[in-house]
file run-v9.txt (compact mmCIF, C-alpha atoms)
# COMPACT_ATOMS: atom_id res chain seq x y z
CA MET A 1 -54.69 32.81 -117.39
CA SER A 2 -54.44 31.28 -113.91
CA ILE A 3 -52.72 34.22 -112.26
CA VAL A 4 -55.85 35.99 -111.07
CA LEU A 5 -54.18 38.81 -109.11
CA LEU A 6 -50.76 40.44 -108.98
CA ARG A 7 -50.60 42.54 -105.84
CA VAL A 8 -48.15 44.61 -103.83
CA ASP A 9 -49.04 44.34 -100.14
CA GLU A 10 -46.65 44.78 -97.25
CA ARG A 11 -48.58 42.26 -95.17
CA LEU A 12 -48.60 39.62 -97.95
CA ILE A 13 -51.06 36.89 -96.85
CA HIS A 14 -53.47 38.58 -94.44
CA GLY A 15 -57.15 39.29 -93.86
CA GLN A 16 -57.81 41.61 -96.82
CA VAL A 17 -56.11 39.23 -99.23
CA VAL A 18 -57.42 35.93 -97.90
CA ILE A 19 -60.95 37.06 -97.09
CA GLY A 20 -61.60 40.26 -99.07
CA TRP A 21 -60.00 39.19 -102.34
CA GLY A 22 -60.06 35.47 -101.64
CA ASN A 23 -63.85 35.27 -101.42
CA GLN A 24 -64.13 36.81 -104.87
CA LEU A 25 -61.17 35.20 -106.64
CA ARG A 26 -61.15 31.80 -104.91
CA PRO A 27 -57.38 31.33 -105.10
CA GLU A 28 -55.96 27.83 -104.88
CA ARG A 29 -52.38 29.01 -104.68
CA TYR A 30 -50.50 31.99 -103.31
CA VAL A 31 -47.07 32.81 -104.68
CA ILE A 32 -44.96 35.01 -102.41
CA ALA A 33 -42.13 36.59 -104.37
CA ASP A 34 -39.78 37.74 -101.65
CA ASP A 35 -36.04 37.30 -101.07
CA GLU A 36 -36.26 37.09 -97.29
CA LEU A 37 -39.16 34.66 -97.08
CA ALA A 38 -37.78 32.43 -99.80
CA ASP A 39 -34.99 31.64 -97.35
CA SER A 40 -36.87 31.50 -94.03
CA GLU A 41 -38.64 28.26 -93.22
CA TRP A 42 -40.19 29.40 -89.94
CA GLU A 43 -41.75 32.46 -91.58
CA GLN A 44 -43.02 30.30 -94.42
CA ASP A 45 -44.76 28.12 -91.84
CA LEU A 46 -46.44 31.21 -90.36
CA PHE A 47 -47.77 32.37 -93.70
CA ARG A 48 -49.01 28.89 -94.58
CA LEU A 49 -51.14 29.01 -91.43
CA GLY A 50 -52.96 31.98 -92.90
CA ALA A 51 -53.61 30.50 -96.32
CA GLY A 52 -56.09 27.79 -95.37
CA SER A 53 -56.13 24.93 -97.85
CA ALA A 54 -54.44 26.91 -100.62
CA GLU A 55 -50.94 25.99 -101.71
CA VAL A 56 -48.28 28.56 -100.85
CA VAL A 57 -45.09 28.91 -102.88
CA PHE A 58 -42.14 31.04 -101.76
CA VAL A 59 -39.67 32.19 -104.38
CA THR A 60 -37.45 35.17 -105.11
CA PRO A 61 -38.82 37.81 -107.51
CA ASP A 62 -36.33 36.63 -110.14
CA VAL A 63 -37.51 33.03 -109.92
CA ALA A 64 -41.12 34.24 -109.98
CA ARG A 65 -40.43 36.04 -113.28
CA ASP A 66 -39.07 32.85 -114.79
CA ARG A 67 -42.12 30.87 -113.66
CA LEU A 68 -44.89 33.30 -114.71
CA SER A 69 -45.78 31.38 -117.85
CA GLU A 70 -45.78 28.09 -115.91
CA TRP A 71 -48.35 29.49 -113.45
CA ASP A 72 -50.34 31.03 -116.29
CA GLN A 73 -50.72 27.66 -117.97
CA ASP A 74 -51.46 25.84 -114.73
CA THR A 75 -55.07 25.25 -113.69
CA LEU A 76 -54.61 26.50 -110.11
CA ARG A 77 -56.01 29.99 -109.59
CA THR A 78 -53.05 31.93 -108.30
CA ILE A 79 -52.56 35.17 -106.39
CA LEU A 80 -49.00 36.48 -106.66
CA LEU A 81 -47.81 38.85 -103.94
CA THR A 82 -44.77 41.03 -103.27
CA ARG A 83 -44.29 43.04 -100.08
CA ASP A 84 -42.99 46.15 -101.83
CA ILE A 85 -42.79 47.89 -105.18
CA PRO A 86 -39.08 47.27 -105.85
CA ALA A 87 -39.74 43.51 -105.65
CA MET A 88 -42.64 43.84 -108.13
CA ALA A 89 -40.36 45.94 -110.35
CA ARG A 90 -37.75 43.17 -110.30
CA LEU A 91 -40.41 40.63 -111.14
CA GLY A 92 -41.48 42.87 -114.01
CA ALA A 93 -38.00 43.35 -115.47
CA HIS A 94 -37.61 42.72 -119.20
CA ALA A 95 -41.29 43.64 -119.66
CA ALA A 96 -42.34 40.39 -117.96
CA LEU A 97 -45.56 42.04 -116.75
CA SER A 98 -46.49 43.61 -120.07
CA GLY A 99 -50.21 43.34 -120.64
CA ARG A 100 -50.93 42.41 -117.03
CA SER A 101 -52.64 44.37 -114.27
CA VAL A 102 -50.75 45.13 -111.07
CA ASN A 103 -52.74 45.96 -107.97
CA LEU A 104 -51.25 48.19 -105.25
CA GLY A 105 -52.90 47.06 -102.06
CA GLY A 106 -51.11 48.24 -98.97
CA ILE A 107 -47.85 49.96 -98.13
CA HIS A 108 -47.60 51.66 -94.78
CA HIS A 109 -45.78 54.79 -93.77
CA GLY A 110 -42.02 54.43 -93.48
CA PRO A 111 -38.78 56.37 -93.93
CA GLY A 112 -38.89 58.37 -97.17
CA ARG A 113 -42.49 57.42 -97.93
CA ASP A 114 -45.37 59.86 -97.99
CA GLU A 115 -49.10 59.22 -97.96
CA VAL A 116 -50.81 58.94 -101.32
CA LEU A 117 -53.89 57.06 -100.09
CA THR A 118 -54.74 56.02 -96.55
CA TYR A 119 -53.42 52.55 -97.32
CA LEU A 120 -50.66 53.51 -99.73
CA HIS A 121 -47.42 55.37 -99.01
CA LEU A 122 -44.81 55.85 -101.72
CA SER A 123 -41.16 56.87 -101.86
CA ASP A 124 -39.41 58.50 -104.82
CA GLN A 125 -37.92 55.11 -105.67
CA ASP A 126 -41.38 53.54 -105.58
CA ARG A 127 -42.66 56.19 -108.01
CA ASN A 128 -39.74 55.61 -110.37
CA ASP A 129 -40.30 51.84 -110.27
CA LEU A 130 -44.01 52.28 -110.99
CA ARG A 131 -43.28 54.54 -113.97
CA ALA A 132 -40.84 51.95 -115.31
CA LEU A 133 -43.37 49.13 -114.87
CA ALA A 134 -46.04 51.18 -116.64
CA ASP A 135 -43.63 52.05 -119.45
CA SER A 136 -42.96 48.33 -119.90
CA GLY A 137 -46.66 47.69 -120.46
CA ALA A 138 -48.10 46.86 -117.02
CA ALA A 139 -51.46 48.40 -116.08
CA ILE A 140 -51.07 49.71 -112.53
CA SER A 141 -53.76 50.88 -110.14
CA ALA A 142 -54.45 50.96 -106.41
CA ARG A 143 -57.36 49.27 -104.66
CA ASP A 144 -57.26 47.76 -101.20
CA LEU A 145 -60.43 45.64 -101.56
CA PRO A 146 -62.34 44.35 -104.59
CA ASP A 147 -65.35 46.60 -103.99
CA ALA A 148 -63.26 49.72 -103.34
CA HIS A 149 -62.68 52.51 -105.83
CA LYS A 150 -59.82 51.78 -108.21
CA VAL A 151 -57.27 54.62 -108.34
CA SER A 152 -55.27 55.01 -111.53
CA LEU A 153 -51.50 55.32 -111.65
CA ALA A 154 -51.82 58.80 -113.14
CA THR A 155 -53.81 59.88 -110.09
CA LEU A 156 -51.36 58.23 -107.72
CA LEU A 157 -48.43 60.02 -109.33
CA GLY A 158 -50.30 63.29 -109.60
CA SER A 159 -49.75 63.50 -113.33
CA MET B 1 -47.37 44.31 -63.15
CA SER B 2 -45.74 41.85 -60.76
CA GLU B 3 -45.43 38.11 -61.29
CA ALA B 4 -47.73 37.54 -58.29
CA GLU B 5 -50.54 39.34 -60.11
CA GLY B 6 -50.40 36.69 -62.79
CA ALA B 7 -50.31 36.77 -66.53
CA ARG B 8 -51.14 39.74 -68.66
CA GLY B 9 -53.38 39.67 -71.71
CA VAL B 10 -52.81 41.63 -74.88
CA VAL B 11 -55.82 41.85 -77.18
CA LEU B 12 -54.56 42.45 -80.72
CA SER B 13 -57.08 43.13 -83.46
CA HIS B 14 -58.07 44.85 -86.66
CA ALA B 15 -59.61 48.32 -86.41
CA ASP B 16 -61.27 49.13 -83.02
CA MET B 17 -62.19 45.60 -81.99
CA ALA B 18 -59.53 45.29 -79.26
CA ASP B 19 -60.54 48.57 -77.65
CA GLY B 20 -64.16 47.50 -77.80
CA LEU B 21 -63.52 44.11 -76.22
CA VAL B 22 -61.34 45.48 -73.42
CA GLY B 23 -63.94 48.20 -72.81
CA ALA B 24 -66.64 45.54 -72.58
CA VAL B 25 -64.56 43.52 -70.09
CA ARG B 26 -64.11 46.65 -67.98
CA ARG B 27 -67.83 47.36 -68.09
CA ILE B 28 -68.61 43.83 -66.89
CA ALA B 29 -65.67 42.98 -64.64
CA GLY B 30 -64.46 46.38 -63.46
CA GLY B 31 -60.84 46.65 -62.32
CA ALA B 32 -60.07 43.05 -63.31
CA ALA B 33 -59.78 44.44 -66.84
CA ASP B 34 -56.49 46.06 -65.77
CA GLY B 35 -54.87 42.78 -66.75
CA LEU B 36 -55.67 43.46 -70.40
CA ILE B 37 -54.05 45.78 -72.92
CA ALA B 38 -55.69 46.63 -76.26
CA LEU B 39 -53.62 46.98 -79.41
CA SER B 40 -54.82 47.66 -82.97
CA ASN B 41 -53.05 47.02 -86.25
CA GLU B 42 -54.60 50.14 -87.78
CA GLY B 43 -52.13 52.01 -89.98
CA LYS B 44 -49.17 49.91 -88.86
CA SER B 45 -46.73 48.01 -91.00
CA PRO B 46 -45.98 44.39 -90.02
CA GLN B 47 -42.66 45.52 -88.56
CA GLN B 48 -44.22 48.36 -86.55
CA LEU B 49 -46.81 45.98 -85.17
CA ARG B 50 -44.18 43.44 -84.11
CA GLU B 51 -42.11 46.19 -82.46
CA GLU B 52 -45.11 47.51 -80.51
CA LEU B 53 -46.00 44.02 -79.40
CA ASP B 54 -42.43 43.21 -78.35
CA ALA B 55 -42.28 46.43 -76.34
CA LEU B 56 -45.32 45.33 -74.33
CA PHE B 57 -43.97 41.97 -73.25
CA GLY B 58 -41.24 42.51 -70.65
CA ASP B 59 -40.82 39.57 -68.28
CA THR B 60 -44.48 39.12 -67.46
CA PRO B 61 -46.09 35.94 -68.78
CA THR B 62 -48.39 37.12 -71.54
CA LEU B 63 -51.28 35.66 -73.46
CA VAL B 64 -51.87 37.39 -76.78
CA PHE B 65 -55.47 37.21 -77.96
CA VAL B 66 -55.85 37.88 -81.68
CA ASP B 67 -58.99 38.22 -83.76
CA LEU B 68 -57.89 36.38 -86.89
CA GLN B 69 -55.06 33.92 -87.31
CA ALA B 70 -54.99 34.52 -91.06
CA GLY B 71 -54.21 38.17 -90.68
CA SER B 72 -51.50 40.64 -89.84
CA CYS B 73 -52.41 40.46 -86.14
CA GLY B 74 -52.06 36.70 -86.05
CA MET B 75 -48.82 36.80 -88.01
CA ALA B 76 -47.31 39.44 -85.71
CA ALA B 77 -48.33 37.58 -82.56
CA LEU B 78 -47.11 34.18 -83.75
CA SER B 79 -43.85 35.71 -84.90
CA CYS B 80 -43.20 37.50 -81.58
CA CYS B 81 -44.15 34.54 -79.41
CA ARG B 82 -42.48 31.70 -81.25
CA GLU B 83 -39.35 31.36 -79.12
CA SER B 84 -40.63 32.12 -75.64
CA ASP B 85 -42.40 29.92 -73.12
CA ARG B 86 -43.63 33.09 -71.41
CA ARG B 87 -45.77 34.09 -74.37
CA ARG B 88 -48.71 32.26 -75.92
CA VAL B 89 -51.17 33.13 -78.66
CA VAL B 90 -54.90 32.43 -78.74
CA CYS B 91 -56.63 33.05 -82.08
CA GLY B 92 -60.32 33.88 -82.45
CA VAL B 93 -60.74 36.07 -79.39
CA ASN B 94 -64.20 36.58 -77.92
CA LEU B 95 -65.63 38.25 -74.85
CA PRO B 96 -66.34 35.13 -72.76
CA MET B 97 -62.72 33.95 -72.97
CA LEU B 98 -61.45 37.38 -71.91
CA LEU B 99 -63.80 37.47 -68.95
CA ASP B 100 -62.61 34.05 -67.85
CA PHE B 101 -58.99 35.09 -68.32
CA VAL B 102 -59.09 38.22 -66.16
CA PHE B 103 -60.40 36.25 -63.18
CA ASN B 104 -57.88 33.42 -63.52
CA ARG B 105 -54.64 35.17 -64.36
CA THR B 106 -52.61 33.45 -61.66
CA LEU B 107 -52.92 30.08 -63.36
CA PRO B 108 -49.93 28.81 -65.40
CA LEU B 109 -49.78 30.36 -68.86
CA ALA B 110 -50.21 27.09 -70.77
CA GLU B 111 -53.30 26.30 -68.72
CA LEU B 112 -54.68 29.78 -69.32
CA ALA B 113 -54.27 29.34 -73.06
CA GLU B 114 -56.06 25.98 -73.09
CA ARG B 115 -58.77 27.37 -70.86
CA ALA B 116 -59.30 30.37 -73.12
CA VAL B 117 -59.78 28.17 -76.16
CA GLU B 118 -62.23 25.92 -74.34
CA THR B 119 -64.20 28.79 -72.82
CA GLY B 120 -64.34 30.64 -76.11
CA ARG B 121 -65.56 27.57 -78.00
CA ASN B 122 -68.15 26.65 -75.41
CA ALA B 123 -69.62 30.13 -75.54
CA ILE B 124 -70.50 29.85 -79.23
CA ALA B 125 -73.98 28.49 -79.72
CA THR B 126 -77.04 28.76 -81.88
CA SER B 127 -80.58 29.10 -80.64
CA PRO B 128 -82.80 27.23 -80.94
CA SER B 129 -80.40 24.32 -80.94
CA PRO B 130 -80.36 22.18 -84.12
CA ALA B 131 -81.89 19.27 -82.19
CA ALA B 132 -84.92 21.38 -81.33
CA ALA B 133 -85.56 22.50 -84.93
CA SER B 134 -87.81 20.78 -87.45
CA PRO B 135 -85.84 18.91 -90.12
CA VAL B 136 -88.26 20.26 -92.74
CA ASP B 137 -88.39 24.00 -92.38
CA GLY B 138 -85.89 24.77 -89.63
CA LYS B 139 -88.61 26.00 -87.27
CA PRO B 140 -88.65 24.71 -83.68
CA ALA B 141 -90.60 21.50 -83.31
CA SER B 142 -93.82 22.00 -81.40
call {"tool": "encode", "arguments": {"input": "run-v9.txt", "output": "structure tokens"}}
result
Amino acid sequence: MSIVLLRVDERLIHGQVVIGWGNQLRPERYVIADDELADSEWEQDLFRLGAGSAEVVFVTPDVARDRLSEWDQDTLRTILLTRDIPAMARLGAHAALSGRSVNLGGIHHGPGRDEVLTYLHLSDQDRNDLRALADSGAAISARDLPDAHKVSLATLLGS
Amino acid sequence: MSEAEGARGVVLSHADMADGLVGAVRRIAGGAADGLIALSNEGKSPQQLREELDALFGDTPTLVFVDLQAGSCGMAALSCCRESDRRRVVCGVNLPMLLDFVFNRTLPLAELAERAVETGRNAIATSPSPAAASPVDGKPAS
């Protein structure tokens, strides 16, 4: 499987991903599944600056779902990122992420969100989306960096 | 800050690095450090960071010094500065370039940016220099 990490991170391609995870996983491609960026060339250029020599692909979450098996079968080691949980939930519709691990890496405080971990803030909608993803077979946990403690979904949801 | 005082510098970094660098400039250069503002990305979403940065700009020509281009600081700075000739970004900030900047703030912004890159690069060195080391064991040649 060439998708080496599925991650929700508001900052998408940034230091923790490129350096923290990148040094361990050695990605050759980043896929950004995001409606806004899929349609914004200047922002795509910015994110490419941060990705070094790795290829960067910008698609909507729906297109990403359709291309999961293509990236799986490809030889390029791929990190797939969404900026929020609803986008990952869309990507995971129809149990597309069944049997895969989803990493929650960084969502900051915002309207309707409360702090669950220092780097993770969730809204009620986020919690519902995470439950639905888990029910469809995805293994969800939170961890900002590879050597950090992994926090289970049950702990995150207080169940 | 008036135009006659020259450009302003914003040091934008992860964690406490910006505070530390601006504090070090103040310790070395005294009041000249007033031309610098420290800003951290700690606990801020990309949007919050861009809003804070935008709020700092005003009409004053501004050089934004960031620690890491491939990071949220670099992304925020490049995004906020992309359509203004009164804002420039320098990635890979270090203390020597900040010290040079605070004493030359009346220069044109483009020149300040080039100067910062050159000063910062020139200040990075290894000792002993490779030419002085033995090709066999890396120890200085006698």
call {"tool": "interface_residues", "arguments": {"input": "run-v9.txt", "of": "chain A", "to": "chain B", "cutoff": "6 Å", "atoms": "all atoms listed in the file", "output": "JSON, numbers by chain"}}
result
{"A": [14, 15, 50, 108]}
call {"tool": "write_last_selection", "arguments": {"input": "run-v9.txt", "atoms": "C-alpha atoms", "output": "short mmCIF file (atom, residue, chain, number, x, y, z; two decimals), in the coordinates of the input"}}
result
data_model
loop_
_atom_site.label_atom_id
_atom_site.label_comp_id
_atom_site.auth_asym_id
_atom_site.auth_seq_id
_atom_site.Cartn_x
_atom_site.Cartn_y
_atom_site.Cartn_z
CA HIS A 14 -53.47 38.58 -94.44
CA GLY A 15 -57.15 39.29 -93.86
CA GLY A 50 -52.96 31.98 -92.90
CA HIS A 108 -47.60 51.66 -94.78
#
call {"tool": "residues_around", "arguments": {"input": "run-v9.txt", "residues": "Val89 (chain B)", "least_positions_apart": "4", "cutoff": "9 Å", "atoms": "only C-alpha atoms", "output": "list in words"}}
result
Thr62, Leu63, Val64, Phe65, Val66, Gly74, Ala77, Leu78, Cys81 and Ala113 of chain B
call {"tool": "atom_distance", "arguments": {"input": "run-v9.txt", "atom1": "CA of Ile79 (chain A)", "atom2": "CA of Gly106 (chain A)"}}
result
15.1 Å
call {"tool": "closest_residue", "arguments": {"input": "run-v9.txt", "among": "A:Val63, A:Leu68, A:Leu25, A:Ala142", "to": "Thr118 (chain A)", "atoms": "all atoms listed in the file"}}
result
A:Ala142
call {"tool": "atom_distance", "arguments": {"input": "run-v9.txt", "atom1": "CA of Ser101 (chain A)", "atom2": "CA of Ser141 (chain A)"}}
result
7.8 Å
call {"tool": "atom_distance", "arguments": {"input": "run-v9.txt", "atom1": "CA of Gly92 (chain A)", "atom2": "CA of Leu80 (chain A)"}}
result
12.3 Å
call {"tool": "residues_around", "arguments": {"input": "run-v9.txt", "residues": "Met17 (chain B)", "least_positions_apart": "3", "cutoff": "12 Å", "atoms": "all atoms listed in the file", "output": "MDAnalysis selection string"}}
result
chainID B and resid 11:14 20:24 38:42 65:68 73 92:95
call {"tool": "write_last_selection", "arguments": {"input": "run-v9.txt", "atoms": "C-alpha atoms", "output": "PDB file, in the frame of the given file"}}
result
ATOM      1  CA  VAL B  11     -55.820  41.850 -77.180  1.00  0.00           C
ATOM      2  CA  LEU B  12     -54.560  42.450 -80.720  1.00  0.00           C
ATOM      3  CA  SER B  13     -57.080  43.130 -83.460  1.00  0.00           C
ATOM      4  CA  HIS B  14     -58.070  44.850 -86.660  1.00  0.00           C
ATOM      5  CA  GLY B  20     -64.160  47.500 -77.800  1.00  0.00           C
ATOM      6  CA  LEU B  21     -63.520  44.110 -76.220  1.00  0.00           C
ATOM      7  CA  VAL B  22     -61.340  45.480 -73.420  1.00  0.00           C
ATOM      8  CA  GLY B  23     -63.940  48.200 -72.810  1.00  0.00           C
ATOM      9  CA  ALA B  24     -66.640  45.540 -72.580  1.00  0.00           C
ATOM     10  CA  ALA B  38     -55.690  46.630 -76.260  1.00  0.00           C
ATOM     11  CA  LEU B  39     -53.620  46.980 -79.410  1.00  0.00           C
ATOM     12  CA  SER B  40     -54.820  47.660 -82.970  1.00  0.00           C
ATOM     13  CA  ASN B  41     -53.050  47.020 -86.250  1.00  0.00           C
ATOM     14  CA  GLU B  42     -54.600  50.140 -87.780  1.00  0.00           C
ATOM     15  CA  PHE B  65     -55.470  37.210 -77.960  1.00  0.00           C
ATOM     16  CA  VAL B  66     -55.850  37.880 -81.680  1.00  0.00           C
ATOM     17  CA  ASP B  67     -58.990  38.220 -83.760  1.00  0.00           C
ATOM     18  CA  LEU B  68     -57.890  36.380 -86.890  1.00  0.00           C
ATOM     19  CA  CYS B  73     -52.410  40.460 -86.140  1.00  0.00           C
ATOM     20  CA  GLY B  92     -60.320  33.880 -82.450  1.00  0.00           C
ATOM     21  CA  VAL B  93     -60.740  36.070 -79.390  1.00  0.00           C
ATOM     22  CA  ASN B  94     -64.200  36.580 -77.920  1.00  0.00           C
ATOM     23  CA  LEU B  95     -65.630  38.250 -74.850  1.00  0.00           C
TER      24      LEU B  95
END
call {"tool": "closest_residue", "arguments": {"input": "run-v9.txt", "among": "B:Ala33, B:Cys80, B:Ala123, B:Leu107", "to": "Leu49 (chain B)", "atoms": "all atoms listed in the file"}}
result
B:Cys80
call {"tool": "residues_around", "arguments": {"input": "run-v9.txt", "residues": "His109 (chain A)", "least_positions_apart": "2", "cutoff": "9 Å", "atoms": "only C-alpha atoms", "output": "PyMOL selection string"}}
result
(chain A and resi 107+111-115+119-122) or (chain B and resi 43-45)
call {"tool": "residues_around", "arguments": {"input": "run-v9.txt", "residues": "Arg131 (chain A)", "least_positions_apart": "5", "cutoff": "10 Å", "atoms": "all atoms listed in the file", "output": "ChimeraX atom specification"}}
result
/A:89,125-126,136,138,140,153-154,157
call {"tool": "axis_aligned_box", "arguments": {"input": "run-v9.txt", "around": "region 2-9 of chain A", "padding_each_side": "8 Å", "output": "JSON"}}
result
{"center_x": -52.0, "center_y": 37.9, "center_z": -107.0, "size_x": 23.7, "size_y": 29.3, "size_z": 29.8}
